[in-house]
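**Q** Below you will find the structure I want to go over with you.
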Amino acid sequence: YLFNTLSSLLIPLISLQYQTGIVVVKTIRESHKLFKLSIAISFLITLFLSILLLIFKSDIIFLLKLDNINYFIFYVPIFAFFYSINLSFINYSNRKKAYKLIRNIVIMQALFGSFISILIPFLFEGLKEYGLIISFIFNPIFSVLLFIYAHREFLRKLNFNFSLSIFNLAKKYRQFPLLLGFPYFINVLTSSLPILFITKYYTPAAVGYYALSIKLVAAPLTILSKSIKDVLLRKVSELVNAGRYPLNYILKLTFILTIIISVPFLVITFFGKDLVPFVFGKQWEQAGIFVGILMPSLSLKFIVSPLISVLPSTGNNKYFAYSHIISFAFTFLVLFVFAGKVSEIDILVKINNTDLFIYSIYYLFIIIAARNPKKTS
C-alpha cells in the first residue's frame, strides 16, 4: 500500500499532466508536440527525483517510515515514469480512436501482472512477500513496450530532436500543470487521507477491513470507469472543437452509468455483510459491513469519476482545480475533527457522507462546464 501511495503521489508531479493535451488540443501537429513534451518532462523530473532520492534516501525512509519497502524505494520514481509514459501512449491512442488497442493492452497488462505476482514467489522464495510490488512495478513497463510496438511507425516518424522551442511549448500549455497537475496531486492525497487517519486512530484490523472493502469494489469499478473516461475525454473534445454542446451526451452517459452500477449497489449495500464472509471467510465479516456502508459513495464515484474528464476537455480547467481543492479541504476537515473521537462504524458513515457531498459538487461543476465549453487551441 505504501509503494502504491508514494507512486500515485509522484505520477502527477512527474508528468505535470501535459499528456492530457495530447487528446484535447485541436490540431494533430500540436498533439504530436505535446506527446514529445510529456516524455521529455517526465524523463527530466524522474532524473531529478532519483538524484534527490539517492542523496536523501536514509532521511526519507526514516521520515516516512518506509522500512518495509526499503529495497524498492528507488523503483518508486521509475514506476511513476513508466506509468506517465503509458498515459501518454493511451492518450495518443485515444486521439487516434484506437480504442480496441487500448482495451487489449489493458487486458494483457492485467494478465501479465497476475502472472508475475504468482510467478515471483514461486521462483524466488525470498521475494514471496514482495510479489505484488514487483508485479506493480513491471505492469506499466510491459504496457509501454506493447504500445511502442503498436505505434512503431508513428515513433519512427516522430522527430525527438529537442530545442529551446520546447520551453515555449511548455509555457503555451502551462494551464495543464497549473490547473490539472496540482489538482491531480491533491486528489491522490485526498484519496489517501482516510487510510492514513484510520491507521493512526483505529486498530490494524480496521485498516485491513477498510482496505479490503475498497479493493473489493473500487478495483473492478476503476478499470471500467477508466475505460469510459479515456473515450469520453476524446469524444467531448471533438464535440467542443466542432462547436457543439456536450451536455446531452453527458446526461445520456450519466443515465447509462447509473444503470450499470445499480445492480452492484443493491447487492452489496443490502447483502454485503453476508456476501463478503461467504467468499473470504467468517473472519472478514466486518469488511462486509464496511463495504455496505461505503457503497453509496463508491457508486456515486463510479458515475462521476469518468465524467470529470469533461472539465479539461471543455477547457474549464479552473473548475477541475476548484473541485479537487474543495474535496481535500472537506475530507481533511471531517477526518481531523472526528477521527479517534467516534467509533469505526461512525467514521465510515462520515467518510461516506463526505464523499457523497464532494462528488455531488463535482457533478455540478461538470454540468456547468458542459453548458459552457471553450475550444482548445
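Ligands are numbered from 1 in the order shown, chains are lettered A, B, ... in the order of the C-alpha cells, and residues start at 1 in each chain.
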From the DSSP assignment of the backbone, select every residue of region 265-375 of chain A that is alpha helix (DSSP H), and format the answer as a compact mmCIF listing (two decimals) with N, CA, C and O atoms, in the first residue's frame.

**A**
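Writing the result to part.txt gives the following:
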# COMPACT_ATOMS: atom_id res chain seq x y z
N PHE A 265 -24.76 -1.95 -6.61
CA PHE A 265 -25.13 -1.11 -5.46
C PHE A 265 -26.16 -1.82 -4.57
O PHE A 265 -25.99 -1.90 -3.35
N LEU A 266 -27.21 -2.35 -5.17
CA LEU A 266 -28.26 -3.00 -4.40
C LEU A 266 -27.76 -4.28 -3.72
O LEU A 266 -28.04 -4.53 -2.54
N VAL A 267 -26.98 -5.07 -4.46
CA VAL A 267 -26.50 -6.35 -3.92
C VAL A 267 -25.55 -6.12 -2.74
O VAL A 267 -25.71 -6.72 -1.67
N ILE A 268 -24.55 -5.23 -2.93
CA ILE A 268 -23.53 -5.04 -1.89
C ILE A 268 -24.07 -4.25 -0.71
O ILE A 268 -23.74 -4.54 0.45
N THR A 269 -24.91 -3.25 -0.97
CA THR A 269 -25.46 -2.45 0.13
C THR A 269 -26.30 -3.30 1.08
O THR A 269 -26.19 -3.17 2.31
N PHE A 270 -27.13 -4.18 0.52
CA PHE A 270 -28.06 -4.94 1.36
C PHE A 270 -27.57 -6.35 1.72
O PHE A 270 -28.04 -6.93 2.70
N PHE A 271 -26.64 -6.89 0.95
CA PHE A 271 -26.20 -8.26 1.21
C PHE A 271 -24.68 -8.37 1.40
O PHE A 271 -24.17 -9.48 1.52
N GLY A 272 -23.98 -7.23 1.43
CA GLY A 272 -22.52 -7.26 1.54
C GLY A 272 -22.02 -7.93 2.80
O GLY A 272 -21.04 -8.67 2.79
N LYS A 273 -22.70 -7.69 3.92
CA LYS A 273 -22.24 -8.26 5.19
C LYS A 273 -22.34 -9.78 5.22
O LYS A 273 -21.67 -10.44 6.02
N ASP A 274 -23.19 -10.36 4.36
CA ASP A 274 -23.28 -11.82 4.25
C ASP A 274 -22.43 -12.34 3.10
O ASP A 274 -21.88 -13.44 3.18
N LEU A 275 -22.31 -11.55 2.03
CA LEU A 275 -21.60 -11.99 0.83
C LEU A 275 -20.10 -12.06 1.04
O LEU A 275 -19.45 -13.03 0.62
N VAL A 276 -19.51 -11.05 1.68
CA VAL A 276 -18.06 -11.00 1.89
C VAL A 276 -17.56 -12.16 2.74
O VAL A 276 -16.61 -12.85 2.35
N PRO A 277 -18.16 -12.44 3.92
CA PRO A 277 -17.68 -13.61 4.69
C PRO A 277 -17.93 -14.93 3.97
O PRO A 277 -17.17 -15.89 4.18
N PHE A 278 -18.95 -15.00 3.15
CA PHE A 278 -19.21 -16.23 2.39
C PHE A 278 -18.07 -16.50 1.41
O PHE A 278 -17.67 -17.66 1.22
N VAL A 279 -17.52 -15.43 0.79
CA VAL A 279 -16.46 -15.57 -0.20
C VAL A 279 -15.09 -15.68 0.46
O VAL A 279 -14.28 -16.52 0.09
N PHE A 280 -14.81 -14.82 1.45
CA PHE A 280 -13.47 -14.71 2.03
C PHE A 280 -13.31 -15.38 3.40
O PHE A 280 -12.20 -15.46 3.92
N GLU A 285 -16.08 -10.78 8.12
CA GLU A 285 -17.47 -10.32 8.21
C GLU A 285 -17.55 -8.80 8.38
O GLU A 285 -18.42 -8.13 7.82
N GLN A 286 -16.63 -8.25 9.18
CA GLN A 286 -16.63 -6.81 9.42
C GLN A 286 -16.37 -6.04 8.13
O GLN A 286 -16.91 -4.94 7.93
N ALA A 287 -15.54 -6.61 7.24
CA ALA A 287 -15.28 -5.96 5.95
C ALA A 287 -16.57 -5.86 5.13
O ALA A 287 -16.78 -4.89 4.40
N GLY A 288 -17.43 -6.87 5.26
CA GLY A 288 -18.72 -6.84 4.58
C GLY A 288 -19.59 -5.70 5.08
O GLY A 288 -20.31 -5.05 4.31
N ILE A 289 -19.54 -5.45 6.39
CA ILE A 289 -20.28 -4.32 6.98
C ILE A 289 -19.71 -3.01 6.47
O ILE A 289 -20.45 -2.08 6.10
N PHE A 290 -18.37 -2.92 6.43
CA PHE A 290 -17.70 -1.70 5.97
C PHE A 290 -18.10 -1.38 4.52
O PHE A 290 -18.43 -0.23 4.21
N VAL A 291 -18.04 -2.38 3.64
CA VAL A 291 -18.31 -2.12 2.24
C VAL A 291 -19.77 -1.74 2.01
O VAL A 291 -20.10 -0.95 1.11
N GLY A 292 -20.67 -2.29 2.85
CA GLY A 292 -22.08 -1.91 2.76
C GLY A 292 -22.30 -0.45 3.09
O GLY A 292 -23.11 0.24 2.46
N ILE A 293 -21.54 0.05 4.09
CA ILE A 293 -21.64 1.46 4.49
C ILE A 293 -21.09 2.37 3.39
O ILE A 293 -21.66 3.44 3.10
N LEU A 294 -19.98 1.96 2.77
CA LEU A 294 -19.29 2.81 1.79
C LEU A 294 -19.88 2.72 0.38
O LEU A 294 -19.54 3.54 -0.48
N MET A 295 -20.74 1.75 0.13
CA MET A 295 -21.21 1.50 -1.23
C MET A 295 -21.94 2.69 -1.88
O MET A 295 -21.76 2.93 -3.08
N PRO A 296 -22.77 3.46 -1.15
CA PRO A 296 -23.40 4.62 -1.81
C PRO A 296 -22.39 5.60 -2.40
O PRO A 296 -22.54 6.04 -3.55
N SER A 297 -21.35 5.94 -1.63
CA SER A 297 -20.35 6.90 -2.15
C SER A 297 -19.49 6.27 -3.24
O SER A 297 -19.13 6.93 -4.21
N LEU A 298 -19.17 4.98 -3.12
CA LEU A 298 -18.39 4.30 -4.16
C LEU A 298 -19.18 4.24 -5.47
O LEU A 298 -18.61 4.36 -6.56
N SER A 299 -20.49 4.08 -5.36
CA SER A 299 -21.35 4.05 -6.56
C SER A 299 -21.38 5.42 -7.24
O SER A 299 -21.30 5.53 -8.46
N LEU A 300 -21.52 6.47 -6.41
CA LEU A 300 -21.53 7.82 -6.99
C LEU A 300 -20.18 8.15 -7.62
O LEU A 300 -20.11 8.80 -8.67
N LYS A 301 -19.08 7.69 -6.98
CA LYS A 301 -17.75 7.89 -7.56
C LYS A 301 -17.66 7.22 -8.93
O LYS A 301 -17.06 7.77 -9.86
N PHE A 302 -18.22 6.02 -9.06
CA PHE A 302 -18.20 5.31 -10.33
C PHE A 302 -18.90 6.10 -11.42
O PHE A 302 -18.44 6.15 -12.57
N ILE A 303 -19.99 6.75 -11.07
CA ILE A 303 -20.75 7.55 -12.06
C ILE A 303 -20.02 8.83 -12.42
O ILE A 303 -19.90 9.19 -13.59
N VAL A 304 -19.51 9.53 -11.41
CA VAL A 304 -18.97 10.87 -11.61
C VAL A 304 -17.51 10.87 -12.07
O VAL A 304 -17.11 11.71 -12.89
N VAL A 310 -14.59 15.74 -18.40
CA VAL A 310 -15.31 16.80 -19.13
C VAL A 310 -14.70 18.16 -18.82
O VAL A 310 -14.66 19.05 -19.69
N LEU A 311 -14.19 18.35 -17.61
CA LEU A 311 -13.67 19.66 -17.20
C LEU A 311 -12.48 20.09 -18.05
O LEU A 311 -12.50 21.17 -18.63
N PRO A 312 -11.40 19.26 -18.17
CA PRO A 312 -10.30 19.68 -19.04
C PRO A 312 -10.65 19.65 -20.52
O PRO A 312 -10.17 20.47 -21.30
N SER A 313 -11.51 18.72 -20.94
CA SER A 313 -11.81 18.59 -22.36
C SER A 313 -12.72 19.71 -22.86
O SER A 313 -12.83 19.94 -24.07
N ASN A 317 -10.60 24.21 -17.00
CA ASN A 317 -9.64 23.66 -16.06
C ASN A 317 -9.76 24.26 -14.66
O ASN A 317 -9.41 23.61 -13.68
N LYS A 318 -10.29 25.48 -14.57
CA LYS A 318 -10.40 26.11 -13.25
C LYS A 318 -11.38 25.36 -12.37
O LYS A 318 -11.18 25.23 -11.15
N TYR A 319 -12.46 24.83 -12.97
CA TYR A 319 -13.41 24.04 -12.18
C TYR A 319 -12.77 22.75 -11.70
O TYR A 319 -13.09 22.24 -10.62
N PHE A 320 -11.90 22.20 -12.52
CA PHE A 320 -11.16 21.00 -12.15
C PHE A 320 -10.32 21.27 -10.89
O PHE A 320 -10.30 20.47 -9.95
N ALA A 321 -9.64 22.41 -10.89
CA ALA A 321 -8.82 22.79 -9.73
C ALA A 321 -9.69 23.06 -8.51
O ALA A 321 -9.40 22.57 -7.40
N TYR A 322 -10.77 23.82 -8.69
CA TYR A 322 -11.64 24.15 -7.56
C TYR A 322 -12.20 22.89 -6.90
O TYR A 322 -12.22 22.78 -5.67
N SER A 323 -12.67 21.95 -7.73
CA SER A 323 -13.34 20.77 -7.20
C SER A 323 -12.39 19.92 -6.35
O SER A 323 -12.77 19.40 -5.29
N HIS A 324 -11.13 19.79 -6.78
CA HIS A 324 -10.19 18.97 -6.04
C HIS A 324 -9.73 19.65 -4.75
O HIS A 324 -9.48 18.97 -3.74
N ILE A 325 -9.63 20.96 -4.78
CA ILE A 325 -9.27 21.69 -3.55
C ILE A 325 -10.40 21.59 -2.52
O ILE A 325 -10.15 21.36 -1.33
N ILE A 326 -11.66 21.72 -2.98
CA ILE A 326 -12.81 21.56 -2.09
C ILE A 326 -12.84 20.15 -1.50
O ILE A 326 -13.09 19.96 -0.31
N SER A 327 -12.56 19.16 -2.35
CA SER A 327 -12.55 17.76 -1.91
C SER A 327 -11.54 17.54 -0.79
O SER A 327 -11.85 16.93 0.24
N PHE A 328 -10.32 18.03 -0.99
CA PHE A 328 -9.27 17.85 0.03
C PHE A 328 -9.66 18.56 1.32
O PHE A 328 -9.52 17.98 2.41
N ALA A 329 -10.14 19.79 1.22
CA ALA A 329 -10.46 20.59 2.40
C ALA A 329 -11.54 19.91 3.25
O ALA A 329 -11.39 19.79 4.48
N PHE A 330 -12.62 19.47 2.61
CA PHE A 330 -13.72 18.86 3.35
C PHE A 330 -13.31 17.51 3.94
O PHE A 330 -13.64 17.20 5.09
N THR A 331 -12.61 16.69 3.16
CA THR A 331 -12.19 15.37 3.64
C THR A 331 -11.26 15.51 4.83
O THR A 331 -11.42 14.82 5.86
N PHE A 332 -10.27 16.39 4.71
CA PHE A 332 -9.32 16.59 5.81
C PHE A 332 -10.03 17.12 7.05
O PHE A 332 -9.76 16.66 8.17
N LEU A 333 -10.94 18.08 6.86
CA LEU A 333 -11.64 18.68 8.00
C LEU A 333 -12.46 17.65 8.76
O LEU A 333 -12.41 17.58 9.99
N VAL A 334 -13.21 16.84 8.02
CA VAL A 334 -14.06 15.82 8.66
C VAL A 334 -13.22 14.80 9.42
O VAL A 334 -13.52 14.46 10.57
N LEU A 335 -12.15 14.32 8.80
CA LEU A 335 -11.30 13.32 9.45
C LEU A 335 -10.54 13.92 10.63
O LEU A 335 -10.37 13.27 11.67
N PHE A 336 -10.09 15.14 10.49
CA PHE A 336 -9.35 15.81 11.57
C PHE A 336 -10.23 16.02 12.80
O PHE A 336 -9.79 15.85 13.94
N VAL A 337 -11.49 16.35 12.57
CA VAL A 337 -12.42 16.64 13.67
C VAL A 337 -12.92 15.36 14.34
O VAL A 337 -13.02 15.29 15.58
N PHE A 338 -13.24 14.33 13.54
CA PHE A 338 -13.95 13.18 14.09
C PHE A 338 -13.10 11.91 14.29
O PHE A 338 -13.47 11.06 15.10
N GLU A 344 -15.46 3.12 14.76
CA GLU A 344 -15.07 2.77 13.39
C GLU A 344 -16.25 2.91 12.43
O GLU A 344 -16.10 3.44 11.32
N ILE A 345 -17.40 2.42 12.85
CA ILE A 345 -18.60 2.49 12.01
C ILE A 345 -18.99 3.93 11.74
O ILE A 345 -19.30 4.32 10.61
N ASP A 346 -18.97 4.75 12.79
CA ASP A 346 -19.38 6.15 12.64
C ASP A 346 -18.43 6.92 11.72
O ASP A 346 -18.87 7.79 10.94
N ILE A 347 -17.12 6.65 11.81
CA ILE A 347 -16.18 7.38 10.94
C ILE A 347 -16.39 6.97 9.49
O ILE A 347 -16.24 7.80 8.57
N LEU A 348 -16.75 5.71 9.26
CA LEU A 348 -17.04 5.27 7.88
C LEU A 348 -18.29 5.95 7.34
O LEU A 348 -18.34 6.32 6.16
N VAL A 349 -19.29 6.11 8.19
CA VAL A 349 -20.51 6.81 7.79
C VAL A 349 -20.19 8.25 7.40
O VAL A 349 -20.69 8.78 6.40
N LYS A 350 -19.32 8.88 8.18
CA LYS A 350 -18.93 10.26 7.89
C LYS A 350 -18.09 10.35 6.61
O LYS A 350 -18.25 11.30 5.82
N ILE A 351 -17.21 9.37 6.39
CA ILE A 351 -16.45 9.33 5.14
C ILE A 351 -17.39 9.16 3.96
O ILE A 351 -17.25 9.84 2.93
N ASN A 352 -18.36 8.27 4.09
CA ASN A 352 -19.33 8.04 3.02
C ASN A 352 -20.13 9.30 2.72
O ASN A 352 -20.27 9.70 1.55
N ASN A 353 -20.65 9.96 3.76
CA ASN A 353 -21.46 11.17 3.56
C ASN A 353 -20.63 12.31 2.98
O ASN A 353 -21.12 13.08 2.14
N THR A 354 -19.36 12.42 3.41
CA THR A 354 -18.47 13.45 2.88
C THR A 354 -18.25 13.24 1.38
O THR A 354 -18.31 14.19 0.59
N ASP A 355 -17.98 11.99 0.99
CA ASP A 355 -17.75 11.69 -0.43
C ASP A 355 -19.01 11.93 -1.26
O ASP A 355 -18.93 12.38 -2.42
N LEU A 356 -20.18 11.62 -0.71
CA LEU A 356 -21.44 11.89 -1.42
C LEU A 356 -21.58 13.39 -1.69
O LEU A 356 -21.96 13.80 -2.80
N PHE A 357 -21.27 14.20 -0.69
CA PHE A 357 -21.35 15.65 -0.85
C PHE A 357 -20.33 16.14 -1.88
O PHE A 357 -20.65 16.93 -2.78
N ILE A 358 -19.08 15.66 -1.76
CA ILE A 358 -17.99 16.11 -2.64
C ILE A 358 -18.29 15.76 -4.10
O ILE A 358 -18.14 16.61 -4.99
N TYR A 359 -18.72 14.53 -4.35
CA TYR A 359 -18.95 14.12 -5.73
C TYR A 359 -20.22 14.73 -6.31
O TYR A 359 -20.37 14.82 -7.53
N SER A 360 -21.12 15.17 -5.45
CA SER A 360 -22.27 15.96 -5.93
C SER A 360 -21.79 17.33 -6.42
O SER A 360 -22.27 17.84 -7.45
N ILE A 361 -20.82 17.91 -5.70
CA ILE A 361 -20.20 19.17 -6.13
C ILE A 361 -19.47 18.98 -7.45
O ILE A 361 -19.56 19.81 -8.36
N TYR A 362 -18.73 17.87 -7.56
CA TYR A 362 -18.06 17.54 -8.82
C TYR A 362 -19.06 17.56 -9.98
O TYR A 362 -18.80 18.15 -11.04
N TYR A 363 -20.17 16.87 -9.78
CA TYR A 363 -21.15 16.73 -10.86
C TYR A 363 -21.74 18.10 -11.23
O TYR A 363 -22.00 18.36 -12.42
N LEU A 364 -21.93 18.96 -10.24
CA LEU A 364 -22.42 20.31 -10.51
C LEU A 364 -21.44 21.06 -11.40
O LEU A 364 -21.84 21.71 -12.39
N PHE A 365 -20.14 20.97 -11.10
CA PHE A 365 -19.12 21.61 -11.93
C PHE A 365 -19.11 21.01 -13.35
O PHE A 365 -18.89 21.73 -14.33
N ILE A 366 -19.32 19.70 -13.45
CA ILE A 366 -19.35 19.03 -14.76
C ILE A 366 -20.48 19.57 -15.62
O ILE A 366 -20.30 19.85 -16.82
N ILE A 367 -21.66 19.72 -15.03
CA ILE A 367 -22.81 20.26 -15.77
C ILE A 367 -22.55 21.70 -16.20
O ILE A 367 -22.84 22.09 -17.34
N ILE A 368 -21.98 22.49 -15.30
CA ILE A 368 -21.64 23.89 -15.65
C ILE A 368 -20.66 23.93 -16.80
O ILE A 368 -20.80 24.71 -17.75
N ALA A 369 -19.63 23.06 -16.75
CA ALA A 369 -18.62 23.01 -17.80
C ALA A 369 -19.22 22.56 -19.12
O ALA A 369 -18.88 23.09 -20.18
N ALA A 370 -20.13 21.58 -19.08
CA ALA A 370 -20.76 21.07 -20.30
C ALA A 370 -21.65 22.12 -20.95
O ALA A 370 -21.83 22.14 -22.18
N ARG A 371 -22.18 23.03 -20.15
CA ARG A 371 -23.04 24.11 -20.68
C ARG A 371 -22.22 25.31 -21.13
O ARG A 371 -22.74 26.18 -21.83

**Q** Can you list every residue of region 122-202 of chain A that has an atom at most 8 Å from region 83-92 of chain A, with its nearest atom pair and the distance in Å to one decimal, using only C-alpha atoms, ordered by chain then number, as a Markdown table?

**A**
| residue | atom | partner | partner_atom | distance |
| --- | --- | --- | --- | --- |
| A:Pro140 | CA | A:Tyr83 | CA | 5.2 |
| A:Ile141 | CA | A:Tyr83 | CA | 7.6 |
| A:Ser143 | CA | A:Asn86 | CA | 6.7 |
| A:Val144 | CA | A:Asn86 | CA | 5.3 |
| A:Phe147 | CA | A:Phe89 | CA | 6.5 |

**Q** Within 7 Å of Ile102 (chain A), counting only C-alpha atoms, which residues qualify if same-chain residues fewer than 4 places away don't, as a PyMOL selection string?

**A** chain A and resi 90+93+98+106

**Q** Could those selected residues go to a file with all heavy atoms, as a compact mmCIF listing (two decimals), in the first residue's frame?

**A**
# COMPACT_ATOMS: atom_id res chain seq x y z
N ILE A 90 -1.55 6.06 -24.07
CA ILE A 90 -3.01 5.86 -24.02
C ILE A 90 -3.73 7.06 -24.63
O ILE A 90 -4.66 6.91 -25.42
CB ILE A 90 -3.47 5.62 -22.57
CG1 ILE A 90 -3.03 4.23 -22.09
CG2 ILE A 90 -4.99 5.75 -22.45
CD1 ILE A 90 -3.33 3.96 -20.64
N SER A 93 -3.27 7.07 -28.37
CA SER A 93 -4.14 6.04 -28.95
C SER A 93 -5.59 6.49 -28.93
O SER A 93 -6.35 6.25 -29.88
CB SER A 93 -3.99 4.73 -28.17
OG SER A 93 -2.65 4.28 -28.18
N ALA A 98 -7.99 4.56 -31.34
CA ALA A 98 -7.57 3.15 -31.29
C ALA A 98 -8.06 2.53 -29.99
O ALA A 98 -7.27 2.05 -29.16
CB ALA A 98 -6.05 3.07 -31.42
N VAL A 106 -4.74 -3.11 -22.00
CA VAL A 106 -5.17 -3.10 -20.59
C VAL A 106 -5.41 -4.53 -20.11
O VAL A 106 -5.01 -4.91 -19.00
CB VAL A 106 -6.45 -2.25 -20.41
CG1 VAL A 106 -7.07 -2.49 -19.03
CG2 VAL A 106 -6.13 -0.77 -20.57

**Q** With only C-alpha atoms as the counted atoms, please give the residues lying no more than 12 Å from Thr20 (chain A), apart from itself and same-chain residues fewer than 3 positions off, as a VMD selection string.

**A** chain A and resid 12 15 to 17 23 to 25 31 34 to 35 37 to 38 84 to 85 87 to 92 94 to 95 173 to 177 179 to 181 184 229 to 230 233 to 234 237 309 to 313 315 317 376

**Q** Counting only C-alpha atoms, which residue out of A:Thr314, A:Leu111, A:Phe185, A:Pro204 sits closest to Leu247 (chain A)?

**A**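 Ranking A:Thr314, A:Leu111, A:Phe185, A:Pro204 by distance to Leu247 (chain A), first place goes to A:Thr314.
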
**Q** What's the separation between CA of Val76 (chain A) and CA of Asn139 (chain A), in Å to one decimal place?

**A**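 About the pair CA of Val76 (chain A) and CA of Asn139 (chain A): they are 13.0 Å apart.
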